[in-house]
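Beneath this line is the structure, given in structure tokens, with notes to follow.
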Amino acid sequence: MESGRDDFVIAIRSAFLKKGTQQRFSLLGLIFFSIVFLILGSLNFKPVYYVKTIITEIVYRSSYIVSGPENFLKNNYAAINNHFKLYEENKKNIIKIKSLKKKDLSKQIITLENIKYKKLIDDYFIKDNETFAKVLIDKQSPFLRSIIINKGSKNNIKLGMIALDEGYLVGNVVEVNYLTSRVLLISDINSKIPVTLQPGDTQAIMSGKSRKSGVLQYIQEKNLKNINKELMVITSGAGGLFISGIPVGKIKSEENDLNNSGRIVHFYKNFSQLKYVKVVSYSKDKESLDMLSKKDSKKQEEKVEKTIDEVEQKKESLRILLEQKKIADEIRIKIEEENNFLKIKITQQQNEIMIIKNDIKESTIQKEEIKFLKLNLLYGHKCRKTIFNNLYKVNSKKYKTCVFDKGVKKN
Amino acid sequence: MSKIYQRNIVAKIYKLIPITLLFISVLNEVDFNNLGMKYFSFNFAYILIFYYSLKKTEGFSYSLIFIAGLFNDVVVGTPMGISSLIYLLLCGAASYLRNITLRPNLMKDWIFFLITISIVKSISYLVLTFIFGYEVILFDQIINIIFTFIFYLIFIYLFDFIRIYFMGRY
């Protein structure tokens, strides 16, 4: 029993305390060191913070280099794949563009009206800082789904700034270094985003779930069950973290009436394909239209109204043009119908002429027959072959000629 | 003479393979912990560290493993030092197993690996959840342990093949 315990102690001592031939530190020493690192790091100890910053800068850059070959292969694969899908995509895009063009005018009007109303309630934000950044590392670890971008405090990146991709929400900046920053993606389990569900204006908090979806938490049930169509999820602006109205994702209509835990938000963006992001911060518009400053900003209002009028005029002229086109189409259809009718009539008349011609031909033949029969009665005996003469056989061609000549012609 | 020199170079290259693989796996964007597949992930670094610590490979020093752990923390975004601690605990467990083993047995190593990764993952989970307030999904961690355990056997044959290719059978 004693010796067994001794063996265990010896083995442990040998494993943790003994230094190998090329080992500078013992295992226990390094374990102790990492624990100290952890504790001091959690206490925000300054030297540890500096070490961390230096390591961070080195690692982000070297990770970008190490990931180079893999990214090269990935990008080429994506490029080839896109090339094969190009034709089909083009077809779809043409149809999409047509439908979008129709919606564009009404959207312009709604946007302008929206700005006007937002200004009235002093909730209109304008971009005060906008930077485009390249995604250096897209390491979506199980603990933290985040990306590293190549802009840091040097480029005026600040904590809490919003990262967007094509206008869709990607995440917010949670760590800023001198040359790089970390953006926490909205797909991360730790990100809690105040959102609004439209239509219905239901408020909720969204947390990340997987790479392509999030889950709604703290939601009021009563409004949601009555709506049976696809819900749009946008930021609500509550808490002041994000501005309101940034699109996040959608809830499919078939998943609408599920219980609270199963309400899944499908993100508009695929976060595994991020290459560049736009990092922005917003500030309130100084020219707000609250009751006091209403008089000062009359010009602004007039400008907005003028633009609305212009858009209305354009809409009216478009409507007239569409009416004209409709009338022209109707006339064209009528002419085509008449044309078809006349064509049919011509064909019928041509057929009738053909029948008349045939009749005339037949009557001419009959007349000739009658004439032959008459002459045959009178002069047939002069042409018919008998035992006593050597004339023509009855019904032969020469006989007919002889009858028409009223007998054999003498030269 | 040239044959001895050539053998020396091959041995040097072989010595660098494990630590290079570890740093590449830590710095690369391909994370076997998160391949995007539902219910599938495994920890390549754990297998690598345990195997080469068990084989007591030269050049696979604890200090470099410690640094690799720090790099991993920076890339993944976990608190600095947690991965180093986990990696070094894995080294310690492998070293302990090496000391108490007279006749190496693959099955025993494999079972010991399962116990070790279960313990280190539990430590990691406890530290991240209770001390640093991270939200970690326990089910994903269990799946990760199971697949790491299964894949250990596959990678052992691969690493053995590399060892035999470079160094010969003995």
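Chain labels follow the order of the structure tokens: the first chain is A, the next B, and so on; residue numbering restarts at 1 in every chain, and ligands are counted from 1 in their shown order.
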
Requested in this report: Using only C-alpha atoms, find the residues of chain B whose closest atom to chain A is at most 6 Å away, then write them as a PyMOL selection string.
Outcome: chain B and resi 27-29+61+74+76+80-81+85+92+95-96+99

Query - Selection near B:Leu106, 10 Å with only C-alpha atoms, sequence-local residues under 4 positions removed, as a ChimeraX atom specification - result: /B:110-112,153,156

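You can rank A:Ile246, A:Ala79, A:Val280, A:Ile109 by their closest distance to A:Gly167 using only C-alpha atoms, and at the top of that list sits A:Ile246.
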
**Report entry** Exercise: B:Met167 partners within 12 Å, only C-alpha atoms, chain neighbours under 3 positions left out, as a ChimeraX atom specification
**Finding:** /B:6-15,57,159-164,170

Deliver the residues from the most recent selection as a file, using C-alpha atoms, as a CSV table (one decimal), in the first residue's frame.
chain,number,residue,atom,x,y,z
B,6,GLN,CA,21.1,13.1,-44.3
B,7,ARG,CA,19.5,11.2,-41.4
B,8,ASN,CA,20.4,14.0,-39.1
B,9,ILE,CA,18.5,16.5,-41.2
B,10,VAL,CA,15.4,14.2,-41.4
B,11,ALA,CA,15.5,13.9,-37.6
B,12,LYS,CA,15.6,17.7,-37.2
B,13,ILE,CA,12.7,18.1,-39.6
B,14,TYR,CA,10.7,15.5,-37.7
B,15,LYS,CA,11.5,17.3,-34.4
B,57,THR,CA,9.2,14.0,-28.6
B,159,PHE,CA,1.2,10.3,-36.4
B,160,ASP,CA,2.7,6.8,-36.1
B,161,PHE,CA,2.9,6.7,-39.9
B,162,ILE,CA,4.7,10.1,-39.9
B,163,ARG,CA,7.1,8.9,-37.2
B,164,ILE,CA,7.9,5.7,-39.1
B,170,TYR,CA,12.8,1.8,-34.1

Need the shell around B:Ile145: protein/DNA/RNA residues with any atom at most 12 Å away, counting only C-alpha atoms. Skip same-chain ones fewer than 2 positions apart. Format as a CSV table (one decimal) with N, CA and C atoms, in the first residue's frame?
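Final file, around-v3.csv:
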chain,number,residue,atom,x,y,z
B,33,ASN,N,-12.8,22.8,-33.9
B,33,ASN,CA,-13.8,23.0,-32.8
B,33,ASN,C,-15.1,23.5,-33.4
B,39,TYR,N,-23.5,19.2,-34.4
B,39,TYR,CA,-23.1,18.0,-33.6
B,39,TYR,C,-21.8,17.3,-34.1
B,40,PHE,N,-20.9,18.1,-34.7
B,40,PHE,CA,-19.6,17.6,-35.0
B,40,PHE,C,-18.5,18.6,-34.7
B,41,SER,N,-17.6,18.3,-33.8
B,41,SER,CA,-16.5,19.1,-33.6
B,41,SER,C,-15.5,18.3,-32.8
B,42,PHE,N,-14.2,18.5,-33.0
B,42,PHE,CA,-13.2,17.9,-32.2
B,42,PHE,C,-12.0,18.8,-32.0
B,43,ASN,N,-11.2,18.5,-31.0
B,43,ASN,CA,-10.1,19.4,-30.6
B,43,ASN,C,-8.8,18.7,-31.1
B,44,PHE,N,-8.3,19.2,-32.2
B,44,PHE,CA,-7.1,18.6,-32.8
B,44,PHE,C,-5.9,18.9,-31.9
B,46,TYR,N,-5.6,19.1,-28.7
B,46,TYR,CA,-5.6,18.2,-27.5
B,46,TYR,C,-4.9,16.8,-28.0
B,47,ILE,N,-5.4,16.3,-29.1
B,47,ILE,CA,-4.8,15.0,-29.6
B,47,ILE,C,-3.3,15.2,-29.8
B,113,PHE,N,-6.8,9.0,-22.1
B,113,PHE,CA,-7.0,10.2,-22.8
B,113,PHE,C,-8.4,10.8,-22.6
B,114,LEU,N,-9.4,9.8,-22.6
B,114,LEU,CA,-10.8,10.2,-22.4
B,114,LEU,C,-11.0,10.8,-21.1
B,115,ILE,N,-10.4,10.2,-20.0
B,115,ILE,CA,-10.5,10.7,-18.7
B,115,ILE,C,-9.9,12.1,-18.6
B,116,THR,N,-8.7,12.2,-19.2
B,116,THR,CA,-7.9,13.5,-19.1
B,116,THR,C,-8.7,14.6,-19.8
B,117,ILE,N,-9.2,14.4,-21.0
B,117,ILE,CA,-9.9,15.5,-21.7
B,117,ILE,C,-11.2,15.8,-21.0
B,118,SER,N,-11.8,14.8,-20.4
B,118,SER,CA,-13.1,15.1,-19.7
B,118,SER,C,-12.8,16.0,-18.5
B,119,ILE,N,-11.7,15.8,-17.8
B,119,ILE,CA,-11.3,16.6,-16.7
B,119,ILE,C,-10.9,18.0,-17.1
B,120,VAL,N,-10.0,18.1,-18.1
B,120,VAL,CA,-9.6,19.4,-18.6
B,120,VAL,C,-10.7,20.3,-19.2
B,121,LYS,N,-11.6,19.6,-19.9
B,121,LYS,CA,-12.8,20.3,-20.4
B,121,LYS,C,-13.7,20.8,-19.3
B,122,SER,N,-13.8,20.0,-18.3
B,122,SER,CA,-14.6,20.4,-17.1
B,122,SER,C,-14.0,21.6,-16.5
B,138,LEU,N,-23.1,23.3,-22.8
B,138,LEU,CA,-22.5,22.1,-22.2
B,138,LEU,C,-22.6,20.9,-23.2
B,139,PHE,N,-23.7,20.8,-23.9
B,139,PHE,CA,-24.0,19.7,-24.8
B,139,PHE,C,-22.9,19.7,-26.0
B,140,ASP,N,-22.6,20.9,-26.4
B,140,ASP,CA,-21.5,21.0,-27.5
B,140,ASP,C,-20.2,20.5,-27.0
B,141,GLN,N,-19.9,20.8,-25.7
B,141,GLN,CA,-18.7,20.4,-25.1
B,141,GLN,C,-18.6,18.9,-25.0
B,142,ILE,N,-19.7,18.3,-24.6
B,142,ILE,CA,-19.7,16.8,-24.5
B,142,ILE,C,-19.5,16.2,-25.9
B,143,ILE,N,-20.2,16.7,-26.9
B,143,ILE,CA,-20.0,16.2,-28.2
B,143,ILE,C,-18.5,16.3,-28.6
B,147,PHE,N,-16.1,13.2,-29.8
B,147,PHE,CA,-15.4,13.2,-31.1
B,147,PHE,C,-13.9,13.2,-31.0
B,148,THR,N,-13.4,14.0,-30.0
B,148,THR,CA,-11.9,14.1,-29.8
B,148,THR,C,-11.4,12.7,-29.4
B,149,PHE,N,-12.2,12.1,-28.5
B,149,PHE,CA,-11.9,10.7,-28.1
B,149,PHE,C,-11.8,9.7,-29.2
B,150,ILE,N,-12.8,9.8,-30.1
B,150,ILE,CA,-12.9,8.9,-31.2
B,150,ILE,C,-11.7,9.2,-32.2
B,151,PHE,N,-11.5,10.4,-32.5
B,151,PHE,CA,-10.5,10.8,-33.5
B,151,PHE,C,-9.1,10.6,-33.0
B,152,TYR,N,-8.9,10.4,-31.7
B,152,TYR,CA,-7.6,10.2,-31.2
B,152,TYR,C,-7.0,8.9,-31.8

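Residues of stretch 54-94 of chain B that DSSP, applied to the backbone, places in alpha helix (DSSP H): Leu54, Tyr62, Ser63, Leu64, Ile65, Phe66, Ile67, Ala68, Gly69, Leu70, Phe71, Asn72, Asp73, Val74, Val75, Val76, Ile82, Ser83, Ser84, Leu85, Ile86, Tyr87, Leu88, Leu89, Leu90, Cys91, Gly92, Ala93 and Ala94 of chain B.
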
Requested in this report: One decimal, Å: what's the distance from atom CA of B:Leu90 over to atom CA of B:Ile65, could you say?
Outcome: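 About the pair atom CA of B:Leu90 and atom CA of B:Ile65: they are 10.5 Å apart.
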
Query raised in the report: What is the distance, in Å and to one decimal place, between atom CA of A:Gly249 and atom CA of A:Val265?
Result: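 We find that atom CA of A:Gly249 and atom CA of A:Val265 lie 5.9 Å from each other.
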
**Report entry** Distance query B:Ile67 at most 9 Å, only C-alpha atoms, self and fewer than 5 positions along chain excluded, as a list in words
**Finding:** Tyr62, Asn72 and Ser84 of chain B

Query raised in the report: Do you know which residues are at most 10 Å from A:Asp405 counting only C-alpha atoms, after dropping those on the same chain fewer than 3 positions away, and could you put them as a PyMOL selection string?
Result: chain A and resi 375+379+383+399-402+408-409

Query raised in the report: atom CA of A:Lys250 and atom CA of A:Ile264 are how many Å apart?
Result: 8.5 Å
